[in-house]
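Okay, work08.pdb now, which holds PDB, C-alpha atoms and all ligand atoms:
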```pdb
ATOM      1  CA  MET A   1      12.565  25.584  31.420  1.00  0.00           C
ATOM      2  CA  ASP A   2      11.177  22.373  29.895  1.00  0.00           C
ATOM      3  CA  LYS A   3       7.943  24.106  29.121  1.00  0.00           C
ATOM      4  CA  VAL A   4       9.656  26.817  27.125  1.00  0.00           C
ATOM      5  CA  GLN A   5      11.113  24.261  24.776  1.00  0.00           C
ATOM      6  CA  GLN A   6       7.613  23.035  23.974  1.00  0.00           C
ATOM      7  CA  ILE A   7       6.336  26.416  22.857  1.00  0.00           C
ATOM      8  CA  PRO A   8       5.000  25.997  19.344  1.00  0.00           C
ATOM      9  CA  SER A   9       7.289  27.766  16.936  1.00  0.00           C
ATOM     10  CA  GLY A  10       4.515  29.059  14.647  1.00  0.00           C
ATOM     11  CA  THR A  11       5.172  30.464  11.231  1.00  0.00           C
ATOM     12  CA  THR A  12       5.669  34.135  11.456  1.00  0.00           C
ATOM     13  CA  ASP A  13       7.015  34.913   7.998  1.00  0.00           C
ATOM     14  CA  GLU A  14       3.410  35.910   7.340  1.00  0.00           C
ATOM     15  CA  PHE A  15       3.898  38.971   9.535  1.00  0.00           C
ATOM     16  CA  THR A  16       5.211  42.347   8.441  1.00  0.00           C
ATOM     17  CA  PRO A  17       7.913  44.550   9.985  1.00  0.00           C
ATOM     18  CA  GLU A  18       5.171  47.138  10.521  1.00  0.00           C
ATOM     19  CA  GLN A  19       3.317  44.719  12.780  1.00  0.00           C
ATOM     20  CA  PHE A  20       6.427  44.136  14.858  1.00  0.00           C
ATOM     21  CA  ALA A  21       7.082  47.885  14.987  1.00  0.00           C
ATOM     22  CA  GLU A  22       3.543  48.392  16.240  1.00  0.00           C
ATOM     23  CA  LEU A  23       4.073  45.760  18.929  1.00  0.00           C
ATOM     24  CA  ASP A  24       7.387  47.340  19.962  1.00  0.00           C
ATOM     25  CA  LYS A  25       5.613  50.647  20.422  1.00  0.00           C
ATOM     26  CA  TRP A  26       3.148  49.090  22.846  1.00  0.00           C
ATOM     27  CA  ILE A  27       5.841  47.134  24.657  1.00  0.00           C
ATOM     28  CA  ALA A  28       7.704  50.390  25.249  1.00  0.00           C
ATOM     29  CA  ALA A  29       4.512  52.004  26.512  1.00  0.00           C
ATOM     30  CA  TYR A  30       3.800  49.183  28.972  1.00  0.00           C
ATOM     31  CA  LYS A  31       7.327  48.533  30.174  1.00  0.00           C
ATOM     32  CA  GLY A  32       7.665  48.901  33.939  1.00  0.00           C
ATOM     33  CA  LYS A  33       3.915  49.240  34.423  1.00  0.00           C
ATOM     34  CA  THR A  34       1.652  46.880  36.354  1.00  0.00           C
ATOM     35  CA  GLY A  35       0.418  43.988  34.248  1.00  0.00           C
ATOM     36  CA  SER A  36       2.822  44.842  31.465  1.00  0.00           C
ATOM     37  CA  VAL A  37       3.130  41.261  30.174  1.00  0.00           C
ATOM     38  CA  ILE A  38      -0.584  40.621  29.958  1.00  0.00           C
ATOM     39  CA  ARG A  39      -1.238  43.995  28.396  1.00  0.00           C
ATOM     40  CA  ALA A  40       1.498  43.535  25.820  1.00  0.00           C
ATOM     41  CA  LEU A  41       0.227  40.042  25.011  1.00  0.00           C
ATOM     42  CA  ASN A  42      -3.274  41.402  24.544  1.00  0.00           C
ATOM     43  CA  LYS A  43      -1.973  43.954  22.091  1.00  0.00           C
ATOM     44  CA  ALA A  44       0.147  41.341  20.361  1.00  0.00           C
ATOM     45  CA  GLN A  45      -2.873  39.118  19.855  1.00  0.00           C
ATOM     46  CA  GLU A  46      -4.809  42.066  18.454  1.00  0.00           C
ATOM     47  CA  ILE A  47      -1.994  42.807  16.035  1.00  0.00           C
ATOM     48  CA  PHE A  48      -1.038  39.278  14.946  1.00  0.00           C
ATOM     49  CA  GLY A  49      -4.238  37.354  15.632  1.00  0.00           C
ATOM     50  CA  TYR A  50      -2.415  34.800  17.777  1.00  0.00           C
ATOM     51  CA  LEU A  51       0.747  34.412  19.834  1.00  0.00           C
ATOM     52  CA  PRO A  52       3.385  32.247  18.154  1.00  0.00           C
ATOM     53  CA  ARG A  53       6.761  31.686  19.775  1.00  0.00           C
ATOM     54  CA  GLU A  54       8.417  34.562  17.944  1.00  0.00           C
ATOM     55  CA  VAL A  55       5.849  37.039  19.195  1.00  0.00           C
ATOM     56  CA  GLN A  56       6.126  35.748  22.774  1.00  0.00           C
ATOM     57  CA  ASP A  57       9.885  36.098  22.470  1.00  0.00           C
ATOM     58  CA  ARG A  58       9.538  39.681  21.356  1.00  0.00           C
ATOM     59  CA  VAL A  59       7.320  40.480  24.336  1.00  0.00           C
ATOM     60  CA  ALA A  60       9.677  38.735  26.778  1.00  0.00           C
ATOM     61  CA  LYS A  61      12.786  40.480  25.468  1.00  0.00           C
ATOM     62  CA  GLY A  62      11.093  43.847  25.163  1.00  0.00           C
ATOM     63  CA  LEU A  63       9.889  43.727  28.752  1.00  0.00           C
ATOM     64  CA  ASP A  64      13.059  42.077  30.122  1.00  0.00           C
ATOM     65  CA  ARG A  65      11.087  39.109  31.387  1.00  0.00           C
ATOM     66  CA  PRO A  66      11.838  35.414  31.073  1.00  0.00           C
ATOM     67  CA  LEU A  67      10.134  33.679  28.190  1.00  0.00           C
ATOM     68  CA  SER A  68       8.856  31.050  30.634  1.00  0.00           C
ATOM     69  CA  GLU A  69       6.871  33.738  32.455  1.00  0.00           C
ATOM     70  CA  VAL A  70       5.338  35.009  29.239  1.00  0.00           C
ATOM     71  CA  TYR A  71       4.525  31.493  28.116  1.00  0.00           C
ATOM     72  CA  GLY A  72       3.003  30.711  31.514  1.00  0.00           C
ATOM     73  CA  ILE A  73       0.630  33.643  31.147  1.00  0.00           C
ATOM     74  CA  VAL A  74      -0.258  32.720  27.568  1.00  0.00           C
ATOM     75  CA  THR A  75      -1.202  29.192  28.584  1.00  0.00           C
ATOM     76  CA  PHE A  76      -2.986  30.221  31.783  1.00  0.00           C
ATOM     77  CA  TYR A  77      -5.537  32.526  30.184  1.00  0.00           C
ATOM     78  CA  SER A  78      -7.897  30.869  27.748  1.00  0.00           C
ATOM     79  CA  PHE A  79      -8.381  34.023  25.691  1.00  0.00           C
ATOM     80  CA  PHE A  80      -4.784  33.804  24.529  1.00  0.00           C
ATOM     81  CA  THR A  81      -4.082  31.442  21.687  1.00  0.00           C
ATOM     82  CA  VAL A  82      -0.870  30.064  20.196  1.00  0.00           C
ATOM     83  CA  VAL A  83      -2.572  28.813  17.065  1.00  0.00           C
ATOM     84  CA  PRO A  84      -3.860  31.102  14.341  1.00  0.00           C
ATOM     85  CA  LYS A  85      -7.586  31.635  14.299  1.00  0.00           C
ATOM     86  CA  GLY A  86      -9.649  30.616  11.320  1.00  0.00           C
ATOM     87  CA  ARG A  87     -11.737  33.065   9.339  1.00  0.00           C
ATOM     88  CA  HIS A  88     -14.809  31.571  10.985  1.00  0.00           C
ATOM     89  CA  SER A  89     -15.082  30.752  14.637  1.00  0.00           C
ATOM     90  CA  VAL A  90     -17.172  27.652  15.365  1.00  0.00           C
ATOM     91  CA  CYS A  91     -18.225  27.187  18.969  1.00  0.00           C
ATOM     92  CA  ALA A  92     -20.196  24.160  20.135  1.00  0.00           C
ATOM     93  CA  CYS A  93     -22.051  24.313  23.425  1.00  0.00           C
ATOM     94  CA  MET A  94     -21.247  21.536  25.876  1.00  0.00           C
ATOM     95  CA  GLY A  95     -23.440  22.772  28.718  1.00  0.00           C
ATOM     96  CA  THR A  96     -25.875  20.350  30.343  1.00  0.00           C
ATOM     97  CA  ALA A  97     -28.939  21.209  28.240  1.00  0.00           C
ATOM     98  CA  CYS A  98     -26.993  20.938  25.006  1.00  0.00           C
ATOM     99  CA  TYR A  99     -25.127  17.843  26.128  1.00  0.00           C
ATOM    100  CA  VAL A 100     -28.240  15.848  27.002  1.00  0.00           C
ATOM    101  CA  ARG A 101     -29.826  16.767  23.691  1.00  0.00           C
ATOM    102  CA  GLY A 102     -26.993  15.445  21.582  1.00  0.00           C
ATOM    103  CA  GLY A 103     -24.387  18.203  21.818  1.00  0.00           C
ATOM    104  CA  GLN A 104     -21.547  15.713  22.144  1.00  0.00           C
ATOM    105  CA  GLN A 105     -22.479  14.002  18.881  1.00  0.00           C
ATOM    106  CA  VAL A 106     -22.719  17.380  17.172  1.00  0.00           C
ATOM    107  CA  LEU A 107     -19.285  18.329  18.451  1.00  0.00           C
ATOM    108  CA  ASP A 108     -17.871  14.982  17.323  1.00  0.00           C
ATOM    109  CA  ASP A 109     -19.286  15.581  13.864  1.00  0.00           C
ATOM    110  CA  LEU A 110     -17.851  19.071  13.726  1.00  0.00           C
ATOM    111  CA  LYS A 111     -14.443  17.642  14.633  1.00  0.00           C
ATOM    112  CA  LYS A 112     -14.803  14.983  11.980  1.00  0.00           C
ATOM    113  CA  GLU A 113     -15.944  17.336   9.224  1.00  0.00           C
ATOM    114  CA  LEU A 114     -13.358  19.967  10.008  1.00  0.00           C
ATOM    115  CA  ASN A 115     -10.710  17.377  10.773  1.00  0.00           C
ATOM    116  CA  ILE A 116      -9.512  19.252  13.847  1.00  0.00           C
ATOM    117  CA  GLU A 117      -9.819  18.985  17.615  1.00  0.00           C
ATOM    118  CA  VAL A 118     -11.307  21.577  19.931  1.00  0.00           C
ATOM    119  CA  GLY A 119      -8.836  24.478  20.055  1.00  0.00           C
ATOM    120  CA  GLY A 120      -7.615  23.767  16.538  1.00  0.00           C
ATOM    121  CA  THR A 121      -7.779  25.583  13.227  1.00  0.00           C
ATOM    122  CA  THR A 122      -8.230  23.970   9.826  1.00  0.00           C
ATOM    123  CA  ALA A 123      -5.175  23.865   7.579  1.00  0.00           C
ATOM    124  CA  ASP A 124      -6.794  26.338   5.162  1.00  0.00           C
ATOM    125  CA  ARG A 125      -7.500  28.669   8.106  1.00  0.00           C
ATOM    126  CA  GLU A 126     -11.178  28.754   7.309  1.00  0.00           C
ATOM    127  CA  PHE A 127     -12.446  27.484  10.664  1.00  0.00           C
ATOM    128  CA  SER A 128     -11.425  27.391  14.306  1.00  0.00           C
ATOM    129  CA  LEU A 129     -13.243  25.121  16.712  1.00  0.00           C
ATOM    130  CA  SER A 130     -13.968  25.733  20.364  1.00  0.00           C
ATOM    131  CA  SER A 131     -16.524  24.658  22.939  1.00  0.00           C
ATOM    132  CA  ILE A 132     -18.261  26.477  25.745  1.00  0.00           C
ATOM    133  CA  ARG A 133     -20.117  25.505  28.919  1.00  0.00           C
ATOM    134  CA  CYS A 134     -23.374  27.324  28.118  1.00  0.00           C
ATOM    135  CA  MET A 135     -24.150  30.188  25.837  1.00  0.00           C
ATOM    136  CA  GLY A 136     -27.370  31.135  27.546  1.00  0.00           C
ATOM    137  CA  ALA A 137     -29.653  29.737  24.857  1.00  0.00           C
ATOM    138  CA  CYS A 138     -30.539  26.430  26.546  1.00  0.00           C
ATOM    139  CA  ALA A 139     -34.092  26.399  25.148  1.00  0.00           C
ATOM    140  CA  LEU A 140     -32.557  26.107  21.676  1.00  0.00           C
ATOM    141  CA  ALA A 141     -30.253  23.205  22.576  1.00  0.00           C
ATOM    142  CA  PRO A 142     -28.111  21.870  21.155  1.00  0.00           C
ATOM    143  CA  VAL A 143     -26.577  25.089  20.001  1.00  0.00           C
ATOM    144  CA  VAL A 144     -23.616  25.885  17.777  1.00  0.00           C
ATOM    145  CA  ARG A 145     -22.429  29.415  17.243  1.00  0.00           C
ATOM    146  CA  ILE A 146     -20.516  30.321  14.108  1.00  0.00           C
ATOM    147  CA  ASP A 147     -19.158  33.845  14.211  1.00  0.00           C
ATOM    148  CA  ASP A 148     -22.194  35.860  15.359  1.00  0.00           C
ATOM    149  CA  ASP A 149     -24.802  33.356  14.198  1.00  0.00           C
ATOM    150  CA  VAL A 150     -26.436  31.029  16.691  1.00  0.00           C
ATOM    151  CA  HIS A 151     -27.650  27.778  15.116  1.00  0.00           C
ATOM    152  CA  ARG A 152     -30.375  26.112  17.122  1.00  0.00           C
ATOM    153  CA  GLN A 153     -31.362  22.469  17.582  1.00  0.00           C
ATOM    154  CA  VAL A 154     -28.436  21.297  15.576  1.00  0.00           C
ATOM    155  CA  THR A 155     -28.352  17.631  14.683  1.00  0.00           C
ATOM    156  CA  PRO A 156     -25.331  15.752  13.391  1.00  0.00           C
ATOM    157  CA  LYS A 157     -27.067  15.611   9.989  1.00  0.00           C
ATOM    158  CA  LYS A 158     -27.229  19.383   9.829  1.00  0.00           C
ATOM    159  CA  VAL A 159     -23.566  19.945  10.625  1.00  0.00           C
ATOM    160  CA  LYS A 160     -22.268  19.819   7.070  1.00  0.00           C
ATOM    161  CA  GLU A 161     -25.137  21.887   5.747  1.00  0.00           C
ATOM    162  CA  ILE A 162     -24.481  24.573   8.342  1.00  0.00           C
ATOM    163  CA  LEU A 163     -20.768  24.644   7.558  1.00  0.00           C
ATOM    164  CA  GLY A 164     -21.736  24.988   3.893  1.00  0.00           C
ATOM    165  CA  ASN A 165     -23.133  28.438   4.693  1.00  0.00           C
ATOM    166  CA  TYR A 166     -19.607  29.549   5.497  1.00  0.00           C
ATOM    167  CA  SER A 167     -17.422  27.619   3.098  1.00  0.00           C
ATOM    168  CA  GLN A 168     -17.878  26.312  -0.419  1.00  0.00           C
ATOM    169  CA  LYS A 169     -15.990  23.245   0.665  1.00  0.00           C
ATOM    170  CA  PHE A 170     -19.064  22.051   2.566  1.00  0.00           C
ATOM    171  CA  ALA A 171     -21.691  23.523   0.275  1.00  0.00           C
ATOM    172  CA  GLY A 172     -24.197  20.987  -0.962  1.00  0.00           C
ATOM    173  CA  GLY A 173     -23.935  19.092   2.318  1.00  0.00           C
ATOM    174  CA  ALA A 174     -22.477  15.946   0.854  1.00  0.00           C
ATOM    175  CA  GLU A 175     -19.151  14.710  -0.315  1.00  0.00           C
TER     176      GLU A 175
HETATM  177  S1  LIG A 201     -26.347  24.489  27.805  1.00  0.00           S
HETATM  178 FE1  LIG A 201     -26.066  25.047  25.744  1.00  0.00          FE
HETATM  179  S2  LIG A 201     -26.915  27.017  25.675  1.00  0.00           S
HETATM  180 FE2  LIG A 201     -27.109  26.479  27.728  1.00  0.00          FE
END
```
Once you've parsed the file, please lay out its structure as structure tokens.
Ligand code: FES
Amino acid sequence: MDKVQQIPSGTTDEFTPEQFAELDKWIAAYKGKTGSVIRALNKAQEIFGYLPREVQDRVAKGLDRPLSEVYGIVTFYSFFTVVPKGRHSVCACMGTACYVRGGQQVLDDLKKELNIEVGGTTADREFSLSSIRCMGACALAPVVRIDDDVHRQVTPKKVKEILGNYSQKFAGGAE
């Protein structure tokens, strides 16, 4: 029960009644079926982009399940997120090859420039930051992926310049 009280409330006034109606339709379709909670949460994340408290509540009530169960599933699976995603997804590799070639410093610089931690989203919703254990491009280490672009041999110096390709805020590389 404690856990439920810690569920981030989120700001859902950005969502439309049509989005909730769409979710309700899927909840009704999944109700009583195997894996209904996870399937409804998947749909909800597709519809809303993330799973704030209000959306989790809707899923729990619609499926007649306790909110704690829904929240437990949301926090168990890493592909569910309770924070909104940024327009650009930044993923730093923390696998061995990338780590030994300076990946940690690159990640630290990304955190500093974006002013967020891993798992966070910038206040302007431009960037989300995550890390991964290996993206299968070890020869190019250290690697940072932004959206579908893989940036190779990234150095801390290049971090701002790379971000500048995605946001005016970092364009020019210096501040
Ligand atoms: S360890 Fe980074 S790509 Fe493999």
Box centre and edge lengths (Å, one decimal), axis-aligned, ligand LIG 201 (chain A) plus 8 Å each side, as JSON:
```
{"center_x": -26.6, "center_y": 25.8, "center_z": 26.7, "size_x": 17.0, "size_y": 18.5, "size_z": 18.1}
```
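Near ligand LIG 201 (chain A), at distances of 7 Å or less and with only C-alpha atoms and all ligand atoms counted, sit the residues Cys93, Met94, Gly95, Thr96, Ala97, Cys98, Tyr99, Arg133, Cys134, Met135, Gly136, Ala137, Cys138, Leu140, Ala141, Pro142 and Val143 of chain A.
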Residue IDs satisfying the PyMOL selection byres (((chain A and resi 60) around 10) and not hetatm), as a list of chain:residue names = A:Ile27, A:Val37, A:Ala40, A:Leu41, A:Glu54, A:Val55, A:Gln56, A:Asp57, A:Arg58, A:Val59, A:Lys61, A:Gly62, A:Leu63, A:Asp64, A:Arg65, A:Pro66, A:Leu67, A:Ser68, A:Glu69, A:Val70, A:Tyr71
Quick one: residues within 9 Å of region 157-174 of chain A, only C-alpha atoms counted, chain neighbours fewer than 6 positions away excluded, as a ChimeraX atom specification?
-> /A:88,106,109-110,113,126,146,151
Apply the PyMOL selection byres (((chain A and resi 118) around 7) and not hetatm) to the displayed file and report the matching residues as a PyMOL selection string.
-> chain A and resi 116-117+119-120+129-131
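Atom pair CA of Val83 (chain A) / CA of Ala28 (chain A): separated by 25.3 Å.
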Rounded to one decimal in Å, what is the spacing between CA of Leu23 (chain A) and CA of Phe48 (chain A)?
->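 That distance, rounded to one decimal, is 9.2 Å.
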Which residue out of A:Ile38, A:Ile47, A:Ala139, A:Val100 has the minimum interatomic distance to Asp24 (chain A) when all atoms listed in the file are used?
->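 Answer, going by the shortest atom-to-atom distance: A:Ile47.
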Name the residues in contact with Gly49 (chain A) at a cut-off of 7 Å, using only C-alpha atoms, excluding same-chain residues fewer than 4 positions from it; report them as an NGL selection string.
-> :A and (45 or 84-85)
Which residue gives the smallest distance to Asp108 (chain A) among A:Gly32, A:Phe80, A:Ala92, A:Asp147, with all atoms listed in the file counted?
-> A:Ala92
How many Å lie between CA of Tyr77 (chain A) and CA of Leu107 (chain A), rounded to one decimal?
->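 If I compute the distance from CA of Tyr77 (chain A) to CA of Leu107 (chain A), I get 23.0 Å.
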Supply region 132-161 of chain A as a PDB file, keeping the file's coordinate frame, with N, CA and C atoms built in where the input has gaps.
```
ATOM      1  N   ILE A 132     -17.939  25.577  24.637  1.00  0.00           N
ATOM      2  CA  ILE A 132     -18.261  26.477  25.745  1.00  0.00           C
ATOM      3  C   ILE A 132     -19.204  25.727  26.675  1.00  0.00           C
ATOM      4  N   ARG A 133     -19.304  26.201  27.922  1.00  0.00           N
ATOM      5  CA  ARG A 133     -20.117  25.505  28.919  1.00  0.00           C
ATOM      6  C   ARG A 133     -21.587  25.895  28.902  1.00  0.00           C
ATOM      7  N   CYS A 134     -21.966  26.915  28.280  1.00  0.00           N
ATOM      8  CA  CYS A 134     -23.374  27.324  28.118  1.00  0.00           C
ATOM      9  C   CYS A 134     -23.343  28.690  27.472  1.00  0.00           C
ATOM     10  N   MET A 135     -24.132  28.852  26.429  1.00  0.00           N
ATOM     11  CA  MET A 135     -24.150  30.188  25.837  1.00  0.00           C
ATOM     12  C   MET A 135     -25.466  30.900  26.101  1.00  0.00           C
ATOM     13  N   GLY A 136     -26.179  30.415  27.109  1.00  0.00           N
ATOM     14  CA  GLY A 136     -27.370  31.135  27.546  1.00  0.00           C
ATOM     15  C   GLY A 136     -28.549  30.999  26.592  1.00  0.00           C
ATOM     16  N   ALA A 137     -28.542  29.950  25.795  1.00  0.00           N
ATOM     17  CA  ALA A 137     -29.653  29.737  24.857  1.00  0.00           C
ATOM     18  C   ALA A 137     -30.135  28.300  25.007  1.00  0.00           C
ATOM     19  N   CYS A 138     -30.266  27.845  26.258  1.00  0.00           N
ATOM     20  CA  CYS A 138     -30.539  26.430  26.546  1.00  0.00           C
ATOM     21  C   CYS A 138     -31.831  25.943  25.890  1.00  0.00           C
ATOM     22  N   ALA A 139     -32.823  26.813  25.755  1.00  0.00           N
ATOM     23  CA  ALA A 139     -34.092  26.399  25.148  1.00  0.00           C
ATOM     24  C   ALA A 139     -33.903  25.989  23.694  1.00  0.00           C
ATOM     25  N   LEU A 140     -32.804  26.406  23.095  1.00  0.00           N
ATOM     26  CA  LEU A 140     -32.557  26.107  21.676  1.00  0.00           C
ATOM     27  C   LEU A 140     -31.600  24.938  21.497  1.00  0.00           C
ATOM     28  N   ALA A 141     -31.285  24.253  22.588  1.00  0.00           N
ATOM     29  CA  ALA A 141     -30.253  23.205  22.576  1.00  0.00           C
ATOM     30  C   ALA A 141     -30.564  22.087  21.574  1.00  0.00           C
ATOM     31  N   PRO A 142     -29.525  21.470  21.042  1.00  0.00           N
ATOM     32  CA  PRO A 142     -28.111  21.870  21.155  1.00  0.00           C
ATOM     33  C   PRO A 142     -27.762  23.019  20.198  1.00  0.00           C
ATOM     34  N   VAL A 143     -26.879  23.838  20.684  1.00  0.00           N
ATOM     35  CA  VAL A 143     -26.577  25.089  20.001  1.00  0.00           C
ATOM     36  C   VAL A 143     -25.130  25.111  19.504  1.00  0.00           C
ATOM     37  N   VAL A 144     -24.967  25.638  18.312  1.00  0.00           N
ATOM     38  CA  VAL A 144     -23.616  25.885  17.777  1.00  0.00           C
ATOM     39  C   VAL A 144     -23.584  27.329  17.306  1.00  0.00           C
ATOM     40  N   ARG A 145     -22.572  28.034  17.717  1.00  0.00           N
ATOM     41  CA  ARG A 145     -22.429  29.415  17.243  1.00  0.00           C
ATOM     42  C   ARG A 145     -21.302  29.467  16.213  1.00  0.00           C
ATOM     43  N   ILE A 146     -21.576  30.095  15.094  1.00  0.00           N
ATOM     44  CA  ILE A 146     -20.516  30.321  14.108  1.00  0.00           C
ATOM     45  C   ILE A 146     -20.456  31.824  13.883  1.00  0.00           C
ATOM     46  N   ASP A 147     -19.316  32.384  14.201  1.00  0.00           N
ATOM     47  CA  ASP A 147     -19.158  33.845  14.211  1.00  0.00           C
ATOM     48  C   ASP A 147     -20.271  34.434  15.094  1.00  0.00           C
ATOM     49  N   ASP A 148     -21.135  35.275  14.528  1.00  0.00           N
ATOM     50  CA  ASP A 148     -22.194  35.860  15.359  1.00  0.00           C
ATOM     51  C   ASP A 148     -23.528  35.134  15.207  1.00  0.00           C
ATOM     52  N   ASP A 149     -23.539  34.059  14.442  1.00  0.00           N
ATOM     53  CA  ASP A 149     -24.802  33.356  14.198  1.00  0.00           C
ATOM     54  C   ASP A 149     -24.974  32.192  15.167  1.00  0.00           C
ATOM     55  N   VAL A 150     -26.142  32.153  15.799  1.00  0.00           N
ATOM     56  CA  VAL A 150     -26.436  31.029  16.691  1.00  0.00           C
ATOM     57  C   VAL A 150     -27.335  30.045  15.937  1.00  0.00           C
ATOM     58  N   HIS A 151     -26.867  28.819  15.789  1.00  0.00           N
ATOM     59  CA  HIS A 151     -27.650  27.778  15.116  1.00  0.00           C
ATOM     60  C   HIS A 151     -28.320  26.923  16.186  1.00  0.00           C
ATOM     61  N   ARG A 152     -29.603  26.802  16.092  1.00  0.00           N
ATOM     62  CA  ARG A 152     -30.375  26.112  17.122  1.00  0.00           C
ATOM     63  C   ARG A 152     -30.688  24.666  16.739  1.00  0.00           C
ATOM     64  N   GLN A 153     -30.947  23.873  17.774  1.00  0.00           N
ATOM     65  CA  GLN A 153     -31.362  22.469  17.582  1.00  0.00           C
ATOM     66  C   GLN A 153     -30.586  21.778  16.468  1.00  0.00           C
ATOM     67  N   VAL A 154     -29.318  21.877  16.591  1.00  0.00           N
ATOM     68  CA  VAL A 154     -28.436  21.297  15.576  1.00  0.00           C
ATOM     69  C   VAL A 154     -28.387  19.780  15.743  1.00  0.00           C
ATOM     70  N   THR A 155     -28.496  19.093  14.659  1.00  0.00           N
ATOM     71  CA  THR A 155     -28.352  17.631  14.683  1.00  0.00           C
ATOM     72  C   THR A 155     -27.083  17.294  13.907  1.00  0.00           C
ATOM     73  N   PRO A 156     -26.525  16.118  14.143  1.00  0.00           N
ATOM     74  CA  PRO A 156     -25.331  15.752  13.391  1.00  0.00           C
ATOM     75  C   PRO A 156     -25.548  15.869  11.884  1.00  0.00           C
ATOM     76  N   LYS A 157     -26.760  15.538  11.426  1.00  0.00           N
ATOM     77  CA  LYS A 157     -27.067  15.611   9.989  1.00  0.00           C
ATOM     78  C   LYS A 157     -26.937  17.023   9.439  1.00  0.00           C
ATOM     79  N   LYS A 158     -27.232  17.992  10.299  1.00  0.00           N
ATOM     80  CA  LYS A 158     -27.229  19.383   9.829  1.00  0.00           C
ATOM     81  C   LYS A 158     -25.835  20.007   9.812  1.00  0.00           C
ATOM     82  N   VAL A 159     -24.881  19.334  10.438  1.00  0.00           N
ATOM     83  CA  VAL A 159     -23.566  19.945  10.625  1.00  0.00           C
ATOM     84  C   VAL A 159     -22.938  20.386   9.311  1.00  0.00           C
ATOM     85  N   LYS A 160     -22.912  19.508   8.339  1.00  0.00           N
ATOM     86  CA  LYS A 160     -22.268  19.819   7.070  1.00  0.00           C
ATOM     87  C   LYS A 160     -22.998  20.952   6.340  1.00  0.00           C
ATOM     88  N   GLU A 161     -24.320  20.863   6.402  1.00  0.00           N
ATOM     89  CA  GLU A 161     -25.137  21.887   5.747  1.00  0.00           C
ATOM     90  C   GLU A 161     -24.847  23.265   6.363  1.00  0.00           C
TER      91      GLU A 161
END
```
